[in-house]
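File shown here: start-v7.txt, holding compact mmCIF, C-alpha atoms.
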# COMPACT_ATOMS: atom_id res chain seq x y z
CA MET P 1 0.00 0.00 0.00
CA ASN P 2 1.25 3.44 -0.89
CA GLU P 3 -0.93 5.34 1.55
CA GLU P 4 -2.48 4.87 4.96
CA PRO P 5 -6.28 4.80 5.19
CA SER P 6 -7.99 7.37 7.36
CA PRO P 7 -10.91 6.42 9.64
CA ASN P 8 -13.96 5.34 7.57
CA ALA P 9 -11.90 6.28 4.53
CA PHE P 10 -13.98 6.59 1.40
CA GLY P 11 -12.88 4.04 -1.16
CA TRP P 12 -11.11 1.72 1.30
CA ALA P 13 -12.15 -1.75 2.46
CA LEU P 14 -10.61 -4.51 4.47
CA VAL P 15 -10.27 -7.82 2.68
CA VAL P 16 -9.55 -11.27 3.99
CA ASP P 17 -8.35 -13.81 1.44
CA ASP P 18 -5.81 -16.61 1.50
CA PRO P 19 -4.53 -19.04 -1.16
CA ARG P 20 -5.22 -21.88 1.29
CA PHE P 21 -8.96 -21.36 0.72
CA ASP P 22 -8.35 -22.97 -2.68
CA ASP P 23 -7.30 -26.21 -0.95
CA HIS P 24 -10.92 -27.17 -0.27
CA VAL P 25 -11.21 -29.29 -3.43
CA PRO P 26 -14.21 -31.44 -4.40
CA PRO P 27 -13.56 -35.14 -5.03
CA SER P 28 -15.56 -34.85 -8.26
CA HIS P 29 -17.30 -32.10 -10.24
CA HIS P 30 -19.14 -29.84 -7.80
CA PRO P 31 -20.60 -26.33 -8.05
CA GLU P 32 -18.74 -25.22 -4.89
CA ARG P 33 -15.25 -25.24 -6.36
CA PRO P 34 -11.99 -23.27 -6.05
CA GLU P 35 -12.65 -21.36 -9.28
CA ARG P 36 -15.31 -19.37 -7.43
CA LEU P 37 -12.61 -17.42 -5.64
CA LEU P 38 -10.92 -16.61 -8.94
CA ALA P 39 -14.16 -14.90 -9.94
CA VAL P 40 -14.43 -12.79 -6.80
CA ARG P 41 -10.75 -11.90 -6.94
CA ALA P 42 -11.32 -10.69 -10.49
CA ALA P 43 -14.21 -8.56 -9.22
CA MET P 44 -11.90 -6.93 -6.68
CA ALA P 45 -9.25 -6.27 -9.31
CA LYS P 46 -11.78 -4.56 -11.59
CA SER P 47 -13.19 -2.30 -8.87
CA SER P 48 -11.85 1.13 -7.96
CA VAL P 49 -11.69 0.20 -4.27
CA ARG P 50 -8.41 0.15 -2.35
CA PHE P 51 -8.02 -2.93 -0.17
CA ASP P 52 -6.22 -3.34 3.12
CA PRO P 53 -5.53 -7.02 3.88
CA VAL P 54 -6.51 -8.81 7.07
CA VAL P 55 -4.19 -11.70 7.92
CA ALA P 56 -6.01 -15.03 7.88
CA ARG P 57 -5.89 -17.11 11.05
CA GLU P 58 -7.55 -20.28 12.30
CA ALA P 59 -10.51 -20.07 14.63
CA THR P 60 -9.92 -21.29 18.15
CA ASP P 61 -12.02 -23.99 19.78
CA ASP P 62 -13.53 -21.36 22.07
CA GLN P 63 -14.58 -19.20 19.10
CA LEU P 64 -16.21 -22.18 17.39
CA ALA P 65 -17.92 -23.28 20.61
CA ARG P 66 -19.93 -20.06 20.77
CA VAL P 67 -22.20 -21.47 18.04
CA HIS P 68 -21.11 -25.08 17.41
CA SER P 69 -21.17 -27.99 19.83
CA PRO P 70 -17.73 -29.15 20.97
CA ARG P 71 -18.61 -32.73 19.99
CA PHE P 72 -19.35 -31.61 16.44
CA VAL P 73 -16.02 -29.74 16.22
CA GLU P 74 -14.27 -32.86 17.48
CA ARG P 75 -16.04 -35.01 14.86
CA LEU P 76 -14.94 -32.63 12.14
CA SER P 77 -11.35 -32.76 13.37
CA ARG P 78 -11.32 -36.52 12.83
CA LEU P 79 -11.99 -35.91 9.14
CA ARG P 80 -8.63 -34.24 8.56
CA GLY P 81 -6.81 -35.92 5.67
CA LYS P 82 -9.95 -37.65 4.40
CA GLN P 83 -11.95 -37.18 1.23
CA GLY P 84 -15.58 -37.89 0.45
CA TYR P 85 -19.14 -36.75 1.00
CA LEU P 86 -20.79 -36.08 4.36
CA ASP P 87 -24.19 -35.91 2.64
CA PRO P 88 -25.25 -35.74 -1.04
CA ASP P 89 -24.21 -32.06 -1.19
CA THR P 90 -21.38 -31.55 1.27
CA TYR P 91 -17.85 -32.81 0.73
CA VAL P 92 -14.50 -32.85 2.47
CA SER P 93 -11.06 -33.12 0.93
CA PRO P 94 -7.79 -33.78 2.79
CA HIS P 95 -7.32 -30.10 3.72
CA SER P 96 -10.99 -29.09 4.11
CA ILE P 97 -11.19 -29.09 7.90
CA ASP P 98 -8.16 -26.87 8.27
CA VAL P 99 -9.47 -24.61 5.50
CA ALA P 100 -12.87 -24.34 7.20
CA ARG P 101 -11.25 -23.37 10.49
CA LEU P 102 -9.10 -20.84 8.64
CA ALA P 103 -12.17 -19.32 6.97
CA ALA P 104 -14.01 -19.03 10.27
CA GLY P 105 -11.03 -17.53 12.06
CA SER P 106 -10.38 -15.10 9.24
CA VAL P 107 -13.82 -13.52 9.48
CA VAL P 108 -13.28 -13.31 13.26
CA ALA P 109 -10.08 -11.40 12.50
CA MET P 110 -12.03 -9.12 10.19
CA VAL P 111 -14.56 -8.38 12.94
CA ASP P 112 -11.69 -7.42 15.24
CA ALA P 113 -10.31 -5.11 12.55
CA LEU P 114 -13.71 -3.50 11.93
CA ILE P 115 -14.23 -2.88 15.64
CA ASP P 116 -10.72 -1.57 16.21
CA GLY P 117 -10.70 0.60 13.05
CA PRO P 118 -9.88 2.66 11.14
CA ILE P 119 -11.53 1.02 8.09
CA ALA P 120 -15.26 0.35 8.49
CA ARG P 121 -16.04 -1.88 5.48
CA GLY P 122 -14.91 -5.45 4.93
CA ILE P 123 -15.05 -8.24 2.38
CA ALA P 124 -14.42 -11.85 3.37
CA LEU P 125 -13.60 -14.12 0.42
CA LEU P 126 -14.17 -17.42 2.16
CA ARG P 127 -14.49 -21.05 1.23
CA PRO P 128 -16.23 -23.24 2.20
CA PRO P 129 -19.41 -21.20 2.69
CA GLY P 130 -21.18 -21.38 6.03
CA HIS P 131 -24.80 -20.33 6.53
CA HIS P 132 -26.32 -23.86 6.33
CA ALA P 133 -23.95 -25.29 8.95
CA ARG P 134 -25.99 -26.06 12.07
CA PRO P 135 -24.71 -26.27 15.66
CA SER P 136 -24.02 -30.00 15.29
CA GLN P 137 -24.27 -30.68 11.57
CA ALA P 138 -22.48 -29.79 8.34
CA MET P 139 -24.81 -29.44 5.36
CA GLY P 140 -25.50 -27.57 2.14
CA PHE P 141 -21.81 -27.27 1.09
CA CYS P 142 -21.07 -25.76 4.55
CA LEU P 143 -18.82 -27.14 7.30
CA LEU P 144 -18.60 -24.28 9.85
CA ASN P 145 -20.93 -21.30 10.03
CA ASN P 146 -18.60 -18.41 9.26
CA VAL P 147 -21.04 -15.51 9.64
CA ALA P 148 -22.51 -16.89 12.87
CA ILE P 149 -19.04 -17.37 14.36
CA ALA P 150 -18.27 -13.77 13.38
CA ALA P 151 -21.49 -12.43 14.92
CA ALA P 152 -20.89 -14.34 18.14
CA HIS P 153 -17.37 -12.94 18.29
CA ALA P 154 -18.67 -9.40 17.84
CA ARG P 155 -20.99 -10.02 20.77
CA ALA P 156 -18.04 -11.32 22.82
CA ARG P 157 -16.16 -8.13 21.93
CA GLY P 158 -18.94 -6.13 23.59
CA LEU P 159 -21.30 -5.20 20.77
CA ARG P 160 -24.91 -5.49 21.90
CA ARG P 161 -26.74 -5.53 18.56
CA ILE P 162 -25.46 -7.30 15.45
CA ALA P 163 -27.54 -7.63 12.28
CA VAL P 164 -26.99 -10.52 9.88
CA VAL P 165 -28.67 -9.92 6.51
CA ASP P 166 -28.73 -13.02 4.33
CA TRP P 167 -29.42 -12.40 0.63
CA ASP P 168 -28.20 -15.81 -0.53
CA VAL P 169 -30.96 -17.47 -2.58
CA HIS P 170 -31.14 -20.28 -0.02
CA HIS P 171 -32.40 -19.73 3.51
CA GLY P 172 -29.60 -19.76 6.10
CA ASN P 173 -31.13 -22.36 8.39
CA GLY P 174 -27.95 -22.79 10.41
CA THR P 175 -27.56 -19.10 11.23
CA GLN P 176 -31.24 -18.85 12.13
CA GLU P 177 -30.98 -21.81 14.50
CA MET P 178 -27.89 -20.49 16.25
CA PHE P 179 -29.54 -17.19 17.23
CA TRP P 180 -33.14 -18.42 17.58
CA THR P 181 -33.47 -17.23 21.18
CA ASP P 182 -30.90 -14.42 21.09
CA PRO P 183 -32.02 -10.79 20.63
CA SER P 184 -28.42 -9.59 20.40
CA VAL P 185 -28.27 -10.94 16.83
CA LEU P 186 -31.00 -9.91 14.39
CA TYR P 187 -31.24 -12.40 11.52
CA ILE P 188 -33.00 -11.31 8.31
CA SER P 189 -33.17 -13.58 5.29
CA ILE P 190 -34.60 -12.94 1.82
CA HIS P 191 -34.68 -16.14 -0.22
CA GLN P 192 -36.44 -18.35 -2.75
CA PHE P 193 -39.24 -20.39 -1.14
CA PRO P 194 -40.16 -23.20 -1.08
CA PHE P 195 -36.62 -24.30 -1.81
CA TYR P 196 -33.61 -25.95 -0.18
CA PRO P 197 -33.26 -26.40 2.80
CA GLY P 198 -37.04 -26.18 3.34
CA THR P 199 -36.96 -23.60 6.13
CA GLY P 200 -37.51 -19.84 6.17
CA ASP P 201 -41.26 -19.23 6.11
CA VAL P 202 -42.65 -16.08 7.71
CA GLY P 203 -43.81 -17.82 10.89
CA GLU P 204 -40.21 -18.62 11.86
CA ILE P 205 -39.53 -15.58 14.04
CA GLY P 206 -37.49 -16.92 16.96
CA GLU P 207 -38.50 -17.88 20.48
CA ALA P 208 -38.21 -16.68 24.08
CA ASP P 209 -36.09 -13.50 24.28
CA GLY P 210 -35.33 -13.89 20.57
CA ALA P 211 -38.95 -13.80 19.41
CA GLY P 212 -39.24 -11.30 16.58
CA PHE P 213 -35.49 -11.10 15.99
CA THR P 214 -35.65 -13.60 13.13
CA VAL P 215 -37.28 -12.10 10.03
CA ASN P 216 -37.87 -14.20 6.92
CA ILE P 217 -38.97 -12.95 3.50
CA PRO P 218 -39.83 -16.01 1.40
CA LEU P 219 -40.18 -15.15 -2.29
CA ALA P 220 -41.48 -17.22 -5.18
CA ALA P 221 -39.14 -18.44 -7.89
CA GLY P 222 -38.73 -16.10 -10.84
CA ASN P 223 -38.68 -12.83 -8.94
CA GLY P 224 -36.10 -10.19 -9.76
CA ASP P 225 -34.72 -6.77 -8.91
CA ALA P 226 -38.03 -4.96 -8.37
CA VAL P 227 -39.37 -7.47 -5.83
CA TYR P 228 -36.09 -7.54 -3.93
CA ALA P 229 -36.07 -3.74 -3.80
CA ALA P 230 -39.62 -3.68 -2.48
CA SER P 231 -38.75 -6.35 0.09
CA PHE P 232 -35.87 -4.23 1.31
CA GLU P 233 -37.87 -1.02 1.49
CA ARG P 234 -40.91 -2.54 3.18
CA VAL P 235 -39.27 -5.03 5.57
CA VAL P 236 -35.46 -5.25 5.67
CA LEU P 237 -34.56 -1.58 5.98
CA PRO P 238 -37.32 -0.53 8.44
CA VAL P 239 -36.43 -3.43 10.74
CA ILE P 240 -32.72 -2.56 10.64
CA GLU P 241 -33.46 1.10 11.33
CA SER P 242 -35.56 0.15 14.36
CA TYR P 243 -32.94 -2.29 15.62
CA ALA P 244 -30.03 0.16 15.14
CA PRO P 245 -27.28 -2.47 14.84
CA GLU P 246 -23.70 -1.76 15.83
CA LEU P 247 -22.41 -4.04 13.06
CA ILE P 248 -23.99 -5.38 9.86
CA LEU P 249 -22.78 -8.68 8.46
CA VAL P 250 -24.09 -9.79 5.07
CA SER P 251 -24.31 -13.46 4.13
CA ALA P 252 -23.49 -12.45 0.59
CA GLY P 253 -24.54 -15.20 -1.75
CA PHE P 254 -24.84 -14.43 -5.45
CA ASP P 255 -26.93 -17.45 -6.43
CA ALA P 256 -30.10 -15.34 -6.80
CA SER P 257 -28.52 -14.14 -10.05
CA ALA P 258 -30.52 -14.78 -13.22
CA GLU P 259 -27.62 -16.87 -14.60
CA ASP P 260 -27.12 -19.11 -11.56
CA PRO P 261 -27.64 -22.83 -12.29
CA LEU P 262 -28.86 -23.82 -8.82
CA ALA P 263 -31.85 -21.50 -8.39
CA GLN P 264 -34.57 -19.69 -10.29
CA MET P 265 -34.35 -16.06 -9.23
CA GLN P 266 -33.68 -13.28 -11.75
CA LEU P 267 -31.43 -10.69 -10.10
CA SER P 268 -29.17 -8.49 -12.18
CA PRO P 269 -25.71 -7.46 -10.94
CA ALA P 270 -27.15 -4.01 -10.17
CA ALA P 271 -29.45 -5.47 -7.52
CA PHE P 272 -26.52 -6.59 -5.38
CA GLY P 273 -24.99 -3.13 -5.56
CA TRP P 274 -28.29 -1.52 -4.63
CA MET P 275 -28.82 -3.80 -1.61
CA ALA P 276 -25.24 -3.22 -0.44
CA ARG P 277 -25.61 0.55 -0.81
CA GLU P 278 -28.82 0.61 1.21
CA LEU P 279 -27.31 -1.49 3.98
CA ARG P 280 -24.23 0.74 3.97
CA ARG P 281 -26.45 3.75 4.66
CA ARG P 282 -27.96 2.00 7.70
CA ALA P 283 -24.49 1.00 8.90
CA ASP P 284 -23.45 4.63 8.67
CA ALA P 285 -26.47 5.65 10.73
CA SER P 286 -26.03 3.32 13.71
CA ALA P 287 -22.89 1.18 13.37
CA GLN P 288 -20.14 3.74 12.75
CA GLY P 289 -20.19 2.44 9.18
CA ARG P 290 -19.16 -1.08 10.21
CA MET P 291 -20.32 -3.60 7.62
CA ALA P 292 -18.88 -6.69 5.94
CA LEU P 293 -19.76 -8.89 2.98
CA VAL P 294 -19.13 -12.56 3.85
CA LEU P 295 -19.14 -14.80 0.77
CA GLU P 296 -21.72 -17.58 0.68
CA GLY P 297 -23.11 -19.03 -2.59
CA GLY P 298 -22.93 -18.09 -6.26
CA TYR P 299 -22.11 -20.77 -8.82
CA ASP P 300 -22.10 -19.12 -12.25
CA LEU P 301 -18.62 -17.64 -12.35
CA ALA P 302 -19.42 -14.66 -14.57
CA ALA P 303 -22.50 -13.77 -12.52
CA LEU P 304 -20.53 -14.19 -9.30
CA GLU P 305 -17.84 -11.81 -10.56
CA SER P 306 -20.27 -9.14 -11.75
CA GLY P 307 -22.49 -9.42 -8.68
CA MET P 308 -19.56 -9.14 -6.28
CA LYS P 309 -18.10 -6.17 -8.14
CA SER P 310 -21.46 -4.40 -7.91
CA ALA P 311 -21.82 -5.22 -4.21
CA ILE P 312 -18.30 -3.96 -3.44
CA LEU P 313 -18.96 -0.66 -5.18
CA GLY P 314 -22.34 -0.30 -3.50
CA MET P 315 -20.96 -0.95 -0.03
CA VAL P 316 -17.67 0.93 -0.26
CA GLU P 317 -18.40 3.84 -2.59
CA GLY P 318 -22.19 4.03 -2.54
CA HIS P 319 -22.38 3.52 -6.31
CA ALA P 320 -25.56 1.75 -7.42
CA PRO P 321 -28.41 2.53 -9.81
CA ASP P 322 -31.92 2.88 -8.46
CA LEU P 323 -34.34 -0.03 -8.96
CA ASP P 324 -38.03 -0.26 -9.77
CA ARG P 325 -40.44 -1.74 -7.20
CA ALA P 326 -42.91 -4.62 -7.60
CA ALA P 327 -45.33 -6.40 -5.28
CA ASP P 328 -45.20 -10.07 -4.27
CA ASP P 329 -47.31 -12.20 -1.95
CA GLY P 330 -44.19 -13.19 -0.02
CA ILE P 331 -43.57 -9.55 0.85
CA GLU P 332 -47.13 -9.12 2.11
CA ARG P 333 -46.83 -12.21 4.30
CA ALA P 334 -43.47 -11.03 5.64
CA VAL P 335 -44.86 -7.57 6.42
CA LYS P 336 -47.77 -9.06 8.36
CA ALA P 337 -45.44 -11.28 10.41
CA ALA P 338 -42.84 -8.59 11.07
CA LYS P 339 -45.33 -5.93 12.16
CA LYS P 340 -46.00 -7.92 15.32
CA THR P 341 -42.53 -6.90 16.53
CA TRP P 342 -41.42 -4.03 14.31
CA ALA P 343 -43.92 -1.13 14.19
CA ASP P 344 -42.14 0.66 11.34
CA VAL P 345 -42.72 -2.19 8.89
CA ASP P 346 -45.50 -1.38 6.41
Hey, can you dump this file as structure tokens for me?
Amino acid sequence: MNEEPSPNAFGWALVVDDPRFDDHVPPSHHPERPERLLAVRAAMAKSSVRFDPVVAREATDDQLARVHSPRFVERLSRLRGKQGYLDPDTYVSPHSIDVARLAAGSVVAMVDALIDGPIARGIALLRPPGHHARPSQAMGFCLLNNVAIAAAHARARGLRRIAVVDWDVHHGNGTQEMFWTDPSVLYISIHQFPFYPGTGDVGEIGEADGAGFTVNIPLAAGNGDAVYAASFERVVLPVIESYAPELILVSAGFDASAEDPLAQMQLSPAAFGWMARELRRRADASAQGRMALVLEGGYDLAALESGMKSAILGMVEGHAPDLDRAADDGIERAVKAAKKTWADVD
């Protein structure tokens, strides 16, 4: 770097990346493959953003135990050096367990850097993804739940309100489960429904002290930019404004893209930039600008590259075109459910 970033410096972002993330290699053809990181690295290279690296490090057992059971972590550790499938979707290769721990620890390191400053935006280029990983189960391409481990670490660092916004096309069942009773982490997911993994309907709102702090927006297949924009304006953004988070973490999947082979949504690259820009504005209002994109899905390489580039520019520089708005029954159902907790939703 030729210059030092100033606090909340416009045009700067933290980035965590490591060549060891490429060592999580499928035993056969698989959509979650090392080439995905080549696409997001290309997106970074084509953006005008200046990046300050965060050194990757492995997560500790204590950091993992905040959201995962120790017995599950121990079971994973016994898979070191092995190769095969844990279920029809989720694989391990000889280095996968170490890579998964490195990914989880790296986003923990990014949270530390965001809290300690001076740069307020971050991008975590992680493999394997994480939001389907449950407290005691790997699933859906995911071994450890990166964004949940990061949110729990932010809470351990003293933040009282963390928002996780999940725009991956699949519902993040693992993240939802981990904070089901916890009001210190607001979980909002916008996703295709019904779809894998089968969770994420509007009635799933959390329990006990966490009731109302899980917000799901289940959308029908085929929806695009205008419905996502309306979902954000009517549900996501009013809830975040009411909650006033001190950190926003995005489970940033790009598989809602129109070109993605694993889903049926129709988002353009511009939609990801628009969503990132709107979340950035809420981070500026309550979280001292602190916000990070944590890579989840996205399996068409060209769409992944263009979507990530748009999201980076939206988050870091506020560059995004406006979008039209369109109605959807899923939005209406989500509004009705959310209004029971969040008065500003309409």
- Message: Using all atoms listed in the file, can you tell me which of P:Met44, P:Ile188, P:Ile248, P:Val111 comes closest to P:Ala154?
- Response: P:Val111
- Of the residues P:Ala311, P:Ala148, P:Ala56, P:Ala39, which is the one nearest to P:Ile162, using all atoms listed in the file? P:Ala148
- Message: Which residues are near stretch 263-278 of chain P? Cut-off 7 Å, only C-alpha atoms, ignore same chain within fewer than 4 positions. Put them as JSON, numbers by chain.
- Response: {"P": [221, 222, 223, 224, 225, 255, 256, 257, 258, 282, 306, 307, 310, 311, 313, 314, 315, 318, 320, 321, 322]}
- P:Ile149, P:Leu144, P:Leu279, P:Ala42 ranked by distance to P:Phe232, top pick (using only C-alpha atoms): P:Leu279
- Write out as number ranges by chain the residues lying within 6 Å of P:Glu246, counting only C-alpha atoms and excluding same-chain residues fewer than 2 positions away. P: 161-162, 286-287
- Mind giving me the straight-line distance from atom CA of P:Ile331 to atom CA of P:Leu219 in Å, one decimal?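 Computed distance, atom CA of P:Ile331 to atom CA of P:Leu219, equals 7.3 Å.
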- Pick out the residues sitting within 10 Å of P:Leu186, and hand them over as a list of chain:residue names; count all atoms listed in the file, and ignore anything fewer than 4 positions along from it in its own chain.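 With the cut-off at 10 Å, the set is P:Ala151, P:Arg161, P:Ile162, P:Ala163, P:Val164, P:Val165, P:Gln176, P:Phe179, P:Trp180, P:Asp182, P:Gly206, P:Gly210, P:Gly212, P:Phe213, P:Thr214, P:Val215, P:Val239, P:Ile240, P:Tyr243, P:Pro245, P:Ile248.
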- Mind checking which residues fall within 9 Å of P:Gly330, counting only C-alpha atoms, ignoring those fewer than 6 positions away in the same chain, and posting them as a list of chain:residue names?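 My reading of the contact set: P:Phe193, P:Val202, P:Ile217, P:Pro218, P:Leu219, P:Ala220, P:Ser231.
If you measure from each of P:Glu35, P:Asp52, P:Glu204, P:Asp23 to P:Pro118 using all atoms listed in the file, the closest one turns out to be P:Asp52.
Between atom CA of P:Asn173 and atom CA of P:Leu293 there is a distance of 18.4 Å.
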- Task: Quick one: everything within 9 Å of P:Val107, counting all atoms listed in the file, minus sequence neighbours fewer than 3 positions away in the same chain. Send it as a list in words.
- Result: Val16, Ala56, Arg57, Ala59, Leu102, Ala103, Ala104, Met110, Val111, Asp112, Ile123, Ala124, Leu126, Asn146, Val147, Ile149, Ala150 and Val294 of chain P
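Picture a line from atom CA of P:Gly298 to atom CA of P:Ser28; it runs 18.4 Å.
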- Using only C-alpha atoms, which residue out of P:Gln288, P:Ser93, P:Ser242, P:Gln137 lies closest to P:Trp342?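 So, comparing all the options, the nearest one is P:Ser242.
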